[in-house]
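Q: This is the structure I want to talk about, given as structure tokens.
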Amino acid sequence: IMGRVFEALGDYDRALESFVNSLKIDEEIGSKQTAARTTGLIAWVHIRQRHDSVAAYFGRSSLSSCARLKDREGVAFANNVLGYIHYVN
């Protein structure tokens with residue numbers, strides 16, 4: 001949640017820090033779905049920072065993980081991230 005707050009405030013560095021910390025915890029406890037979605041949020045913050053190639057990397061990773069887990073909402077979000085990158089370029 002804090003990552004979303006920082007993102008909304010435009011503090012992208014702190015948002016990334018929060019999401020990366022969350023991702024580490026998700027991976028440690030084996031929460032694959034949450035990790036996949038958090039990866040998508042990391043991609044979105046990179047979009048906001050105009051780091052499109054990094055955002056695309058995390059977006060593809062999120063899409064792959066969400067598809068493997070049959071997480072339709074996660075797949076939709078990851079596709080939106082990747083579509084946005086394509087649209088702005």
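Numbering starts fresh at 1 for the residues of each chain in the structure tokens, the chains themselves are lettered A, B, ... in the order given, and ligands are numbered from 1 as they appear.
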Any idea what's packed within 10 Å of Asn80 (chain A), counting only C-alpha atoms, ignoring anything in its chain fewer than 3 positions away? Could you give it as an NGL selection string?
A: :A and (40 or 44 or 59 or 63 or 74-77 or 83-86)
Q: Those residues you just picked out, can you put them in a file as an mmCIF file, in the first residue's frame with N, CA and C atoms?
A:
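Output saved as result_33.cif:
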```cif
data_model
loop_
_atom_site.group_PDB
_atom_site.id
_atom_site.type_symbol
_atom_site.label_atom_id
_atom_site.label_comp_id
_atom_site.auth_asym_id
_atom_site.auth_seq_id
_atom_site.Cartn_x
_atom_site.Cartn_y
_atom_site.Cartn_z
ATOM 1 N N GLY A 40 4.261 -6.176 -11.691
ATOM 2 C CA GLY A 40 3.536 -5.276 -12.574
ATOM 3 C C GLY A 40 3.511 -3.848 -12.052
ATOM 4 N N TRP A 44 4.946 -0.343 -13.684
ATOM 5 C CA TRP A 44 4.193 0.904 -13.831
ATOM 6 C C TRP A 44 5.001 2.098 -13.303
ATOM 7 N N GLY A 59 7.132 -5.651 -16.996
ATOM 8 C CA GLY A 59 5.798 -5.936 -17.508
ATOM 9 C C GLY A 59 5.710 -7.331 -18.115
ATOM 10 N N LEU A 63 3.479 -10.423 -16.773
ATOM 11 C CA LEU A 63 2.554 -11.106 -17.677
ATOM 12 C C LEU A 63 2.806 -12.605 -17.684
ATOM 13 N N GLY A 74 -4.333 -10.127 -13.081
ATOM 14 C CA GLY A 74 -2.918 -9.793 -13.220
ATOM 15 C C GLY A 74 -2.488 -9.733 -14.681
ATOM 16 N N VAL A 75 -2.990 -10.675 -15.482
ATOM 17 C CA VAL A 75 -2.701 -10.683 -16.921
ATOM 18 C C VAL A 75 -3.235 -9.406 -17.553
ATOM 19 N N ALA A 76 -4.442 -9.013 -17.181
ATOM 20 C CA ALA A 76 -5.031 -7.795 -17.742
ATOM 21 C C ALA A 76 -4.185 -6.572 -17.383
ATOM 22 N N PHE A 77 -3.767 -6.474 -16.128
ATOM 23 C CA PHE A 77 -2.957 -5.330 -15.713
ATOM 24 C C PHE A 77 -1.630 -5.313 -16.467
ATOM 25 N N GLY A 83 0.817 -2.411 -23.133
ATOM 26 C CA GLY A 83 0.121 -1.617 -24.148
ATOM 27 C C GLY A 83 0.415 -0.130 -23.995
ATOM 28 N N TYR A 84 0.493 0.339 -22.770
ATOM 29 C CA TYR A 84 0.800 1.743 -22.526
ATOM 30 C C TYR A 84 2.200 2.092 -23.029
ATOM 31 N N ILE A 85 3.154 1.207 -22.755
ATOM 32 C CA ILE A 85 4.527 1.438 -23.235
ATOM 33 C C ILE A 85 4.510 1.537 -24.769
ATOM 34 N N HIS A 86 3.810 0.628 -25.407
ATOM 35 C CA HIS A 86 3.732 0.641 -26.867
ATOM 36 C C HIS A 86 3.052 1.927 -27.361
#
```
Q: Applying 6 Å and only C-alpha atoms, which residues near region 54-57 of chain A remain after dropping the ones on its own chain fewer than 6 positions away? List them as an mmCIF file with N, CA, C and O atoms, in the first residue's frame.
A:
```
data_model
loop_
_atom_site.group_PDB
_atom_site.id
_atom_site.type_symbol
_atom_site.label_atom_id
_atom_site.label_comp_id
_atom_site.auth_asym_id
_atom_site.auth_seq_id
_atom_site.Cartn_x
_atom_site.Cartn_y
_atom_site.Cartn_z
ATOM 1 N N ALA A 43 6.762 -2.287 -12.763
ATOM 2 C CA ALA A 43 6.777 -1.863 -14.172
ATOM 3 C C ALA A 43 6.089 -0.513 -14.330
ATOM 4 O O ALA A 43 6.602 0.377 -15.020
ATOM 5 N N HIS A 46 8.199 2.369 -13.235
ATOM 6 C CA HIS A 46 9.243 2.647 -14.231
ATOM 7 C C HIS A 46 8.666 3.396 -15.437
ATOM 8 O O HIS A 46 9.358 4.245 -16.009
ATOM 9 N N ILE A 47 7.437 3.112 -15.799
ATOM 10 C CA ILE A 47 6.790 3.884 -16.867
ATOM 11 C C ILE A 47 6.705 5.343 -16.451
ATOM 12 O O ILE A 47 7.012 6.247 -17.233
#
```
Q: Counting only C-alpha atoms, figure out which residue out of A:Thr38, A:Ile29, A:Val45, A:Ser64 gets nearest to Phe6 (chain A).
A: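 Using only C-alpha atoms, Phe6 (chain A) sits closest to A:Val45.
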Q: Return the single residue from A:Val81, A:Leu41, A:Ala35, A:Ala15 that is closest to Gly3 (chain A), with distances computed using only C-alpha atoms.
A: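 Using only C-alpha atoms, the shortest distance to Gly3 (chain A) belongs to A:Ala15.
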Q: Kindly give the distance, in Å, that separates CA of Thr34 (chain A) and CA of Glu17 (chain A), rounded to a single decimal.
A: 16.3 Å
Q: For Leu23 (chain A), which residue out of A:Met2, A:Leu82, A:Leu9, A:Ile42 is the nearest one, using only C-alpha atoms?
A: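 Selected residue with least distance to Leu23 (chain A): A:Ile42.
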Q: In Å, with one decimal, what is the gap from CA of Arg4 (chain A) to CA of Gln49 (chain A)?
A: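 For CA of Arg4 (chain A) relative to CA of Gln49 (chain A), the distance reads 14.5 Å.
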